[in-house]
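Structure file protein_35.txt; described as compact mmCIF, C-alpha atoms.
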# COMPACT_ATOMS: atom_id res chain seq x y z
CA MET C 88 95.93 103.74 82.64
CA ARG C 89 95.59 106.95 84.56
CA LEU C 90 96.17 109.95 82.33
CA CYS C 91 96.12 113.61 83.24
CA VAL C 92 95.95 116.27 80.57
CA VAL C 93 96.63 119.78 81.74
CA VAL C 94 95.25 122.49 79.50
CA ALA C 95 96.80 125.87 80.12
CA ALA C 96 93.71 127.75 79.04
CA MET C 97 91.52 125.96 81.56
CA ALA C 98 91.47 126.22 85.30
CA ALA C 99 91.15 122.49 85.86
CA SER C 100 92.67 119.32 84.48
CA LEU C 101 90.79 116.55 82.69
CA LEU C 102 91.42 113.06 84.03
CA LEU C 103 90.95 110.30 81.48
CA ALA C 104 89.84 106.74 81.99
CA PRO C 105 91.59 103.71 80.44
CA GLY C 106 91.27 103.73 76.67
CA GLY C 107 91.49 107.51 76.44
CA ALA C 108 87.79 108.34 76.95
CA MET C 109 87.03 111.03 79.47
CA ALA C 110 85.24 109.57 82.50
CA ALA C 111 82.31 111.50 83.89
CA SER C 112 80.54 111.39 87.22
CA SER C 113 76.81 110.72 87.53
CA ASP C 114 76.11 114.46 87.43
CA GLY C 115 78.00 114.86 84.14
CA THR C 116 81.09 116.59 85.53
CA ALA C 117 84.70 115.46 85.09
CA ALA C 118 85.87 113.17 87.89
CA THR C 119 89.08 111.67 89.22
CA ALA C 120 90.36 108.77 87.11
CA PRO C 121 89.73 105.17 88.21
CA PRO C 122 92.32 103.87 90.72
CA ILE C 123 93.93 101.40 88.31
CA ASN C 124 97.06 101.06 86.22
CA GLU C 125 97.02 98.24 83.69
CA PRO C 126 97.75 95.39 84.11
CA TRP C 127 95.59 95.40 87.25
CA THR C 128 94.30 92.52 89.36
CA ALA C 129 91.72 92.06 92.12
CA ARG C 130 90.91 88.98 94.19
CA GLY C 131 88.30 87.77 96.64
CA ASN C 132 88.03 85.03 99.25
CA GLU C 133 85.15 82.77 100.29
CA PRO C 134 84.47 82.26 97.43
CA ASN C 135 87.72 82.78 95.59
CA TRP C 136 87.62 84.82 92.41
CA GLN C 137 89.95 86.91 90.26
CA LEU C 138 89.43 90.00 88.14
CA ARG C 139 92.08 91.18 85.71
CA ILE C 140 92.15 94.31 83.59
CA ASP C 141 94.83 94.34 80.92
CA THR C 142 95.30 95.85 77.45
CA GLY C 143 91.71 97.09 77.32
CA THR C 144 90.16 93.78 78.35
CA MET C 145 88.32 92.80 81.55
CA THR C 146 88.42 89.13 82.59
CA PHE C 147 86.51 87.76 85.58
CA ARG C 148 87.23 84.22 86.77
CA PRO C 149 84.81 82.90 89.42
CA MET C 150 85.46 79.97 91.72
CA GLU C 151 82.84 77.98 89.81
CA GLY C 152 81.51 78.41 86.30
CA ALA C 153 82.86 79.96 83.13
CA ALA C 154 85.04 83.04 82.98
CA ILE C 155 83.59 86.29 81.63
CA LYS C 156 85.85 88.16 79.22
CA ALA C 157 84.87 91.40 77.51
CA PRO C 158 86.30 94.67 76.22
CA LEU C 159 86.87 97.06 79.10
CA PRO C 160 83.75 99.25 79.24
CA LYS C 161 83.84 102.98 79.81
CA PRO C 162 83.40 103.54 83.56
CA SER C 163 80.88 105.80 85.23
CA HIS C 164 81.55 107.65 88.48
CA GLU C 165 78.80 107.19 91.06
CA GLY C 166 79.45 108.74 94.46
CA ASP C 167 82.92 107.56 95.50
CA ALA C 168 82.87 104.48 93.25
CA TRP C 169 83.84 103.74 89.67
CA ILE C 170 81.42 101.37 87.95
CA TYR C 171 82.28 99.13 84.98
CA LYS C 172 79.20 97.46 83.46
CA VAL C 173 79.71 94.83 80.78
CA ALA C 174 76.92 95.35 78.26
CA SER C 175 77.00 91.84 76.78
CA GLY C 176 77.43 89.88 80.00
CA ASP C 177 76.23 89.50 83.57
CA LEU C 178 78.99 91.52 85.19
CA SER C 179 79.22 94.84 86.99
CA VAL C 180 82.39 95.91 88.81
CA SER C 181 82.61 98.67 91.42
CA LEU C 182 85.97 100.13 92.52
CA LYS C 183 86.55 102.42 95.48
CA ALA C 184 89.93 103.89 96.38
CA GLY C 185 90.78 103.20 100.01
CA VAL C 186 92.54 100.63 102.16
CA CYS C 187 91.02 97.15 101.72
CA ARG C 188 92.25 94.15 103.74
CA ASP C 189 92.40 90.55 102.63
CA THR C 190 89.99 88.57 104.81
CA MET C 191 92.47 85.70 105.23
CA THR C 192 95.87 87.37 105.62
CA GLY C 193 95.02 90.95 106.60
CA MET C 194 97.25 92.23 103.78
CA PRO C 195 96.13 95.76 102.81
CA SER C 196 95.49 96.79 99.20
CA PRO C 197 94.66 100.23 97.79
CA VAL C 198 91.23 99.50 96.27
CA SER C 199 87.98 97.93 97.53
CA VAL C 200 86.19 95.89 94.87
CA SER C 201 82.56 94.77 94.61
CA ILE C 202 81.40 92.49 91.79
CA ALA C 203 77.76 91.85 90.89
CA THR C 204 77.17 88.71 88.83
CA GLY C 205 74.75 85.78 88.83
CA GLY C 206 72.47 87.53 91.27
CA LYS C 207 75.25 87.70 93.86
CA THR C 208 77.61 90.37 95.13
CA LEU C 209 81.24 89.38 95.68
CA ILE C 210 83.66 91.45 97.77
CA GLY C 211 87.43 91.65 97.47
CA CYS C 212 90.51 93.84 97.18
CA GLY C 213 92.44 95.12 94.20
CA GLY C 214 95.72 96.71 93.26
CA ASN C 215 99.24 96.17 94.53
CA PRO C 216 99.90 96.42 98.29
CA SER C 217 103.30 97.91 97.43
CA ASP C 218 101.50 101.08 96.28
CA LEU C 219 100.55 101.68 99.92
CA LEU C 220 104.04 100.94 101.21
CA ALA C 221 106.16 102.82 98.68
CA GLY C 222 107.93 106.01 99.65
CA LYS C 223 109.41 107.59 102.75
CA TRP C 224 107.99 107.26 106.26
CA HIS C 225 108.95 109.07 109.48
CA VAL C 226 108.94 106.68 112.45
CA VAL C 227 107.09 108.17 115.43
CA ALA C 228 106.84 105.18 117.78
CA ILE C 229 108.72 101.94 118.39
CA GLY C 230 107.33 99.27 120.67
CA GLY C 231 104.64 101.66 121.86
CA LYS C 232 107.18 104.29 122.92
CA THR C 233 107.40 107.67 121.21
CA VAL C 234 110.65 108.33 119.36
CA PRO C 235 112.50 111.27 121.00
CA LYS C 236 112.05 114.52 119.09
CA ASP C 237 115.80 114.96 118.57
CA VAL C 238 116.22 111.44 117.14
CA THR C 239 115.45 110.77 113.47
CA VAL C 240 114.23 107.35 112.37
CA ASN C 241 112.76 106.73 108.95
CA LEU C 242 112.00 104.11 106.31
CA ASP C 243 112.33 104.72 102.59
CA PHE C 244 110.83 101.85 100.58
CA ASP C 245 111.91 101.44 96.96
CA VAL C 246 109.39 98.83 95.85
CA ALA C 247 110.87 98.57 92.35
CA THR C 248 114.15 97.21 93.73
CA GLY C 249 112.94 95.67 97.00
CA GLN C 250 115.29 97.91 98.97
CA VAL C 251 114.74 99.92 102.13
CA SER C 252 117.01 102.59 103.61
CA GLY C 253 117.02 105.47 106.03
CA SER C 254 118.18 106.62 109.43
CA SER C 255 117.90 104.18 112.32
CA GLY C 256 118.34 106.87 114.96
CA CYS C 257 122.10 107.00 114.98
CA ASN C 258 123.38 105.46 111.76
CA ARG C 259 122.27 105.18 108.16
CA TYR C 260 121.10 101.71 107.13
CA PHE C 261 120.19 99.91 103.92
CA GLY C 262 119.02 96.45 102.96
CA GLY C 263 116.31 94.37 101.38
CA PHE C 264 112.69 93.63 102.19
CA ALA C 265 110.25 91.04 100.88
CA LEU C 266 106.56 91.70 100.31
CA SER C 267 104.57 88.53 99.68
CA GLY C 268 100.91 87.64 99.56
CA GLU C 269 100.97 87.01 103.28
CA GLY C 270 103.25 89.62 104.79
CA LEU C 271 106.25 91.92 104.93
CA THR C 272 109.69 90.89 106.16
CA PHE C 273 113.10 92.51 106.22
CA LYS C 274 116.10 90.56 105.03
CA PRO C 275 118.85 89.88 107.58
CA GLY C 276 122.31 91.36 107.28
CA MET C 277 121.44 94.99 106.60
CA GLY C 278 124.33 97.33 105.94
CA ALA C 279 124.90 100.39 108.12
CA SER C 280 127.31 103.16 108.93
CA MET C 281 129.34 102.86 112.13
CA MET C 282 128.95 106.14 114.01
CA ALA C 283 128.81 106.46 117.78
CA CYS C 284 125.89 108.44 119.20
CA GLU C 285 124.39 109.61 122.46
CA ALA C 286 122.55 107.15 124.68
CA ALA C 287 119.00 108.09 123.56
CA ALA C 288 119.83 107.70 119.87
CA THR C 289 121.67 104.42 120.44
CA ALA C 290 118.81 102.95 122.47
CA THR C 291 116.28 104.01 119.84
CA GLU C 292 118.40 102.45 117.10
CA LYS C 293 118.62 99.11 118.90
CA ALA C 294 114.85 99.04 119.44
CA PHE C 295 114.24 99.90 115.79
CA GLN C 296 116.60 97.21 114.50
CA ALA C 297 114.99 94.59 116.75
CA ALA C 298 111.50 95.59 115.59
CA LEU C 299 112.50 95.35 111.91
CA ALA C 300 113.95 91.89 112.44
CA LYS C 301 110.67 90.64 113.93
CA ALA C 302 108.28 92.31 111.45
CA GLN C 303 105.78 89.93 109.83
CA ARG C 304 103.34 92.18 108.02
CA PHE C 305 102.19 95.78 107.61
CA ASP C 306 98.97 97.74 107.73
CA ILE C 307 97.76 101.30 107.26
CA GLY C 308 95.86 102.67 110.24
CA ALA C 309 92.70 104.76 110.13
CA ASP C 310 94.91 107.81 110.69
CA GLY C 311 97.04 106.93 107.65
CA ARG C 312 100.00 105.73 109.68
CA LEU C 313 102.15 102.85 108.53
CA GLN C 314 102.11 100.03 111.06
CA LEU C 315 104.71 97.27 111.13
CA ILE C 316 103.30 94.28 112.98
CA SER C 317 104.80 91.26 114.74
CA SER C 318 102.67 88.57 116.45
CA ASP C 319 99.61 90.81 116.00
CA GLN C 320 101.32 93.63 117.91
CA VAL C 321 102.16 96.99 116.32
CA THR C 322 105.90 97.41 116.82
CA ILE C 323 106.59 100.43 114.59
CA GLU C 324 104.33 103.36 113.66
CA ALA C 325 105.29 105.90 111.02
CA THR C 326 103.76 108.88 109.24
CA ARG C 327 104.27 109.49 105.54
CA GLU C 328 106.80 112.19 104.79
CA PRO C 329 105.74 114.79 102.22
CA LYS C 330 107.25 114.45 98.77
CA GLY C 331 109.80 116.90 97.49
Translate the structure of the given file into structure tokens.
Amino acid sequence: MRLCVVVAAMAASLLLAPGGAMAASSDGTAATAPPINEPWTARGNEPNWQLRIDTGTMTFRPMEGAAIKAPLPKPSHEGDAWIYKVASGDLSVSLKAGVCRDTMTGMPSPVSVSIATGGKTLIGCGGNPSDLLAGKWHVVAIGGKTVPKDVTVNLDFDVATGQVSGSSGCNRYFGGFALSGEGLTFKPGMGASMMACEAAATATEKAFQAALAKAQRFDIGADGRLQLISSDQVTIEATREPKG
């Protein structure tokens, strides 16, 4: 669990690793906490494997062979990676915060994972994709066309309830979305207000509604933009709105 203790008498905060022990970088200084919140899961493809961290325990299940289960070790911070080394077993886990994509579905996750065991290195992704999606996004392009500056379109994802809402250019809208292991879809029959608007806003709204209906998955671009994708084509691009 990520903990942050702010001490008024100090100029910096101390970020604690799971289990309450302060995590240190390789040079002995305090470092950002590992990018996990228990329970936490990572998976890999070709070969398939699963890693789960829960209630202070790390469990690795390979495609073949016995599972490795051990108390969660104190992590070390090496460069931009967090390293968990199991002292009593052949297992070392490296976590790096950053967009990681499933090699089969393209689904993005918030953490890249590397596992060393049995003389091999296994690669996969960890964390919940919803962590990347959650929050409010300002739509800047629909179907490759820039949204007019005087037209507001946004997406506000509440991942706890599976609801999305915002402005579609003219009206307010609200409805459900589904995030699965393979993609992102928006449920039909969204509710909306019934205002009349100028031609530019109305046209933008129609394009936005059509793009939502066709969405199949999402991604996060190298520039941090949210991308909604249909038939391998980016149909909506959005930038994250600042909190507050």
Nearest candidate to C:Asn135 (options C:Cys212, C:Ala309, C:Ile155, C:Ala168; using all atoms listed in the file):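 Of C:Cys212, C:Ala309, C:Ile155, C:Ala168, the one nearest C:Asn135, counting all atoms listed in the file, is C:Cys212.
For the choices C:Gly308, C:Gly256, C:Gly270, C:Gly222, the atom-to-atom distance to C:Pro329 is smallest for C:Gly222 when using all atoms listed in the file.
For the set C:Asp141, C:Asp177, C:Asp306, C:Glu133, the residue with the smallest atom-to-atom gap to C:Pro216 is C:Asp306, counting only C-alpha atoms.
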Between C:Met150, C:Ala184, C:Leu178, C:Leu159, which one has atoms that come closest to C:Pro122, using all atoms listed in the file?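 The answer is C:Ala184, which sits nearest to C:Pro122.
Each of C:Gly176, C:Gly193, C:Gly185, C:Pro275 was checked against C:Ala157 using all atoms listed in the file; the smallest atom-to-atom distance is that of C:Gly176.
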Take every atom of stretch 310-320 of chain C listed in the file, pad by 6 Å on each side, and give me the axis-aligned box centre and edge lengths in Å, one decimal, as lines of an AutoDock Vina configuration file.
center_x = 99.9
center_y = 98.2
center_z = 112.8
size_x = 21.9
size_y = 31.2
size_z = 22.3
Skip C:Ser280 itself and residues of its chain fewer than 4 positions away, then list as a ChimeraX atom specification all residues within 9 Å of it, counting only C-alpha atoms. /C:257-260
Please report the interatomic distance between atom CA of C:Asp245 and atom CA of C:Thr326 in Å with one decimal.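 Going from atom CA of C:Asp245 over to atom CA of C:Thr326 covers 16.5 Å.
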Atomic separation - atom CA of C:Gln296 relative to atom CA of C:Asp310, Å: 24.4 Å
Between atom CA of C:Gly263 and atom CA of C:Met277, what distance in Å does the model show, to one decimal?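 Going from atom CA of C:Gly263 over to atom CA of C:Met277, I get 7.3 Å.
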Across C:Thr128, C:Gln303, C:Ser254, C:Ser163, the smallest distance to C:Gly278, with all atoms listed in the file counted, is shown by C:Ser254
Counting all atoms listed in the file, what is within 10 Å of C:Gly262, bar same-chain residues fewer than 4 positions away, as a PDB file with C-alpha atoms, in the coordinates of the input?
ATOM      1  CA  GLY C 249     112.940  95.670  97.000  1.00  0.00           C
ATOM      2  CA  GLN C 250     115.290  97.910  98.970  1.00  0.00           C
ATOM      3  CA  VAL C 251     114.740  99.920 102.130  1.00  0.00           C
ATOM      4  CA  SER C 252     117.010 102.590 103.610  1.00  0.00           C
ATOM      5  CA  GLY C 253     117.020 105.470 106.030  1.00  0.00           C
ATOM      6  CA  PHE C 273     113.100  92.510 106.220  1.00  0.00           C
ATOM      7  CA  LYS C 274     116.100  90.560 105.030  1.00  0.00           C
ATOM      8  CA  PRO C 275     118.850  89.880 107.580  1.00  0.00           C
ATOM      9  CA  GLY C 276     122.310  91.360 107.280  1.00  0.00           C
ATOM     10  CA  MET C 277     121.440  94.990 106.600  1.00  0.00           C
ATOM     11  CA  GLY C 278     124.330  97.330 105.940  1.00  0.00           C
ATOM     12  CA  ALA C 279     124.900 100.390 108.120  1.00  0.00           C
TER      13      ALA C 279
END
Find the spatial neighbours of C:Thr248, counting only C-alpha atoms, within a cut-off of 12 Å - ignore same-chain residues fewer than 5 positions away - and output them as a PyMOL selection string. chain C and resi 217+221+243+262-266
Any idea what's packed within 12 Å of C:Thr239, counting all atoms listed in the file, ignoring anything in its chain fewer than 6 positions away? Could you give it as a list in words?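 With the cut-off at 12 Å, the set is Trp224, His225, Val226, Val227, Ala228, Thr233, Gly253, Ser254, Ser255, Gly256, Cys257, Asn258, Arg259, Ala287, Ala288, Thr289, Thr291, Glu292, Phe295 and Ala325 of chain C.
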Please identify all polymer residues within 10 Å of C:Thr208, counting all atoms listed in the file, omitting same-chain residues fewer than 5 positions from it, and present them as a ChimeraX atom specification. /C:179-180,201-203
List every protein, DNA or RNA residue that has an atom no more than 12 Å from (92.9, 87.5, 84.6) in the file's coordinate frame, counting all atoms listed in the file, and report them as a list in words.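 Checked against the point, the hits come out as Glu125, Pro126, Trp127, Thr128, Ala129, Arg130, Trp136, Gln137, Leu138, Arg139, Ile140, Asp141, Thr142, Thr144, Met145, Thr146, Phe147, Arg148, Pro149, Ala154, Ile155, Lys156 and Ala157 of chain C.
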Would you mind completing stretch 243-268 of chain C so that it carries N, CA, C and O atoms, and writing it out as a PDB file, in the coordinates of the input?
ATOM      1  N   ASP C 243     112.550 104.308 103.972  1.00  0.00           N
ATOM      2  CA  ASP C 243     112.330 104.720 102.590  1.00  0.00           C
ATOM      3  C   ASP C 243     112.260 103.451 101.746  1.00  0.00           C
ATOM      4  O   ASP C 243     113.284 102.809 101.476  1.00  0.00           O
ATOM      5  N   PHE C 244     111.043 103.088 101.328  1.00  0.00           N
ATOM      6  CA  PHE C 244     110.830 101.850 100.580  1.00  0.00           C
ATOM      7  C   PHE C 244     110.905 102.110  99.077  1.00  0.00           C
ATOM      8  O   PHE C 244     110.136 102.901  98.535  1.00  0.00           O
ATOM      9  N   ASP C 245     111.838 101.438  98.416  1.00  0.00           N
ATOM     10  CA  ASP C 245     111.910 101.440  96.960  1.00  0.00           C
ATOM     11  C   ASP C 245     111.330 100.104  96.504  1.00  0.00           C
ATOM     12  O   ASP C 245     112.025  99.086  96.481  1.00  0.00           O
ATOM     13  N   VAL C 246     110.058 100.104  96.161  1.00  0.00           N
ATOM     14  CA  VAL C 246     109.390  98.830  95.850  1.00  0.00           C
ATOM     15  C   VAL C 246     109.846  98.250  94.521  1.00  0.00           C
ATOM     16  O   VAL C 246     109.714  97.046  94.285  1.00  0.00           O
ATOM     17  N   ALA C 247     110.401  99.075  93.641  1.00  0.00           N
ATOM     18  CA  ALA C 247     110.870  98.570  92.350  1.00  0.00           C
ATOM     19  C   ALA C 247     112.088  97.674  92.518  1.00  0.00           C
ATOM     20  O   ALA C 247     112.267  96.698  91.777  1.00  0.00           O
ATOM     21  N   THR C 248     112.921  97.975  93.514  1.00  0.00           N
ATOM     22  CA  THR C 248     114.150  97.210  93.730  1.00  0.00           C
ATOM     23  C   THR C 248     114.081  96.300  94.955  1.00  0.00           C
ATOM     24  O   THR C 248     114.988  95.491  95.164  1.00  0.00           O
ATOM     25  N   GLY C 249     113.034  96.452  95.772  1.00  0.00           N
ATOM     26  CA  GLY C 249     112.940  95.670  97.000  1.00  0.00           C
ATOM     27  C   GLY C 249     113.943  96.095  98.044  1.00  0.00           C
ATOM     28  O   GLY C 249     114.377  95.287  98.869  1.00  0.00           O
ATOM     29  N   GLN C 250     114.311  97.391  98.026  1.00  0.00           N
ATOM     30  CA  GLN C 250     115.290  97.910  98.970  1.00  0.00           C
ATOM     31  C   GLN C 250     114.654  98.918  99.926  1.00  0.00           C
ATOM     32  O   GLN C 250     113.718  99.632  99.558  1.00  0.00           O
ATOM     33  N   VAL C 251     115.179  98.953 101.136  1.00  0.00           N
ATOM     34  CA  VAL C 251     114.740  99.920 102.130  1.00  0.00           C
ATOM     35  C   VAL C 251     115.980 100.578 102.723  1.00  0.00           C
ATOM     36  O   VAL C 251     117.028  99.940 102.875  1.00  0.00           O
ATOM     37  N   SER C 252     115.877 101.865 103.034  1.00  0.00           N
ATOM     38  CA  SER C 252     117.010 102.590 103.610  1.00  0.00           C
ATOM     39  C   SER C 252     116.487 103.709 104.483  1.00  0.00           C
ATOM     40  O   SER C 252     115.292 103.990 104.524  1.00  0.00           O
ATOM     41  N   GLY C 253     117.419 104.362 105.189  1.00  0.00           N
ATOM     42  CA  GLY C 253     117.020 105.470 106.030  1.00  0.00           C
ATOM     43  C   GLY C 253     117.946 105.662 107.212  1.00  0.00           C
ATOM     44  O   GLY C 253     119.064 105.130 107.249  1.00  0.00           O
ATOM     45  N   SER C 254     117.464 106.415 108.180  1.00  0.00           N
ATOM     46  CA  SER C 254     118.180 106.620 109.430  1.00  0.00           C
ATOM     47  C   SER C 254     117.565 105.747 110.500  1.00  0.00           C
ATOM     48  O   SER C 254     116.338 105.715 110.650  1.00  0.00           O
ATOM     49  N   SER C 255     118.407 105.043 111.252  1.00  0.00           N
ATOM     50  CA  SER C 255     117.900 104.180 112.320  1.00  0.00           C
ATOM     51  C   SER C 255     117.986 104.842 113.691  1.00  0.00           C
ATOM     52  O   SER C 255     117.821 104.193 114.717  1.00  0.00           O
ATOM     53  N   GLY C 256     118.255 106.139 113.701  1.00  0.00           N
ATOM     54  CA  GLY C 256     118.340 106.870 114.960  1.00  0.00           C
ATOM     55  C   GLY C 256     119.719 107.405 115.213  1.00  0.00           C
ATOM     56  O   GLY C 256     119.892 108.525 115.696  1.00  0.00           O
ATOM     57  N   CYS C 257     120.707 106.597 114.856  1.00  0.00           N
ATOM     58  CA  CYS C 257     122.100 107.000 114.980  1.00  0.00           C
ATOM     59  C   CYS C 257     122.801 106.890 113.634  1.00  0.00           C
ATOM     60  O   CYS C 257     123.397 107.844 113.163  1.00  0.00           O
ATOM     61  N   ASN C 258     122.684 105.734 113.016  1.00  0.00           N
ATOM     62  CA  ASN C 258     123.380 105.460 111.760  1.00  0.00           C
ATOM     63  C   ASN C 258     122.420 105.397 110.578  1.00  0.00           C
ATOM     64  O   ASN C 258     121.206 105.265 110.740  1.00  0.00           O
ATOM     65  N   ARG C 259     122.999 105.463 109.389  1.00  0.00           N
ATOM     66  CA  ARG C 259     122.270 105.180 108.160  1.00  0.00           C
ATOM     67  C   ARG C 259     122.277 103.676 107.942  1.00  0.00           C
ATOM     68  O   ARG C 259     123.237 102.996 108.273  1.00  0.00           O
ATOM     69  N   TYR C 260     121.186 103.141 107.387  1.00  0.00           N
ATOM     70  CA  TYR C 260     121.100 101.710 107.130  1.00  0.00           C
ATOM     71  C   TYR C 260     120.541 101.482 105.728  1.00  0.00           C
ATOM     72  O   TYR C 260     119.926 102.362 105.130  1.00  0.00           O
ATOM     73  N   PHE C 261     120.753 100.285 105.215  1.00  0.00           N
ATOM     74  CA  PHE C 261     120.190  99.910 103.920  1.00  0.00           C
ATOM     75  C   PHE C 261     120.149  98.397 103.824  1.00  0.00           C
ATOM     76  O   PHE C 261     120.965  97.694 104.425  1.00  0.00           O
ATOM     77  N   GLY C 262     119.163  97.887 103.102  1.00  0.00           N
ATOM     78  CA  GLY C 262     119.020  96.450 102.960  1.00  0.00           C
ATOM     79  C   GLY C 262     117.793  96.103 102.152  1.00  0.00           C
ATOM     80  O   GLY C 262     117.169  96.954 101.517  1.00  0.00           O
ATOM     81  N   GLY C 263     117.420  94.836 102.182  1.00  0.00           N
ATOM     82  CA  GLY C 263     116.310  94.370 101.380  1.00  0.00           C
ATOM     83  C   GLY C 263     115.079  94.049 102.220  1.00  0.00           C
ATOM     84  O   GLY C 263     115.165  93.813 103.424  1.00  0.00           O
ATOM     85  N   PHE C 264     113.933  94.062 101.549  1.00  0.00           N
ATOM     86  CA  PHE C 264     112.690  93.630 102.190  1.00  0.00           C
ATOM     87  C   PHE C 264     111.935  92.758 101.197  1.00  0.00           C
ATOM     88  O   PHE C 264     112.153  92.821  99.982  1.00  0.00           O
ATOM     89  N   ALA C 265     111.049  91.931 101.723  1.00  0.00           N
ATOM     90  CA  ALA C 265     110.250  91.040 100.880  1.00  0.00           C
ATOM     91  C   ALA C 265     108.783  91.237 101.200  1.00  0.00           C
ATOM     92  O   ALA C 265     108.365  91.138 102.361  1.00  0.00           O
ATOM     93  N   LEU C 266     108.003  91.522 100.169  1.00  0.00           N
ATOM     94  CA  LEU C 266     106.560  91.700 100.310  1.00  0.00           C
ATOM     95  C   LEU C 266     105.890  90.564  99.549  1.00  0.00           C
ATOM     96  O   LEU C 266     105.989  90.473  98.329  1.00  0.00           O
ATOM     97  N   SER C 267     105.224  89.681 100.289  1.00  0.00           N
ATOM     98  CA  SER C 267     104.570  88.530  99.680  1.00  0.00           C
ATOM     99  C   SER C 267     103.066  88.645  99.854  1.00  0.00           C
ATOM    100  O   SER C 267     102.563  89.634 100.402  1.00  0.00           O
ATOM    101  N   GLY C 268     102.349  87.620  99.416  1.00  0.00           N
ATOM    102  CA  GLY C 268     100.910  87.640  99.560  1.00  0.00           C
ATOM    103  C   GLY C 268     100.449  87.552 101.006  1.00  0.00           C
ATOM    104  O   GLY C 268      99.286  87.818 101.306  1.00  0.00           O
TER     105      GLY C 268
END
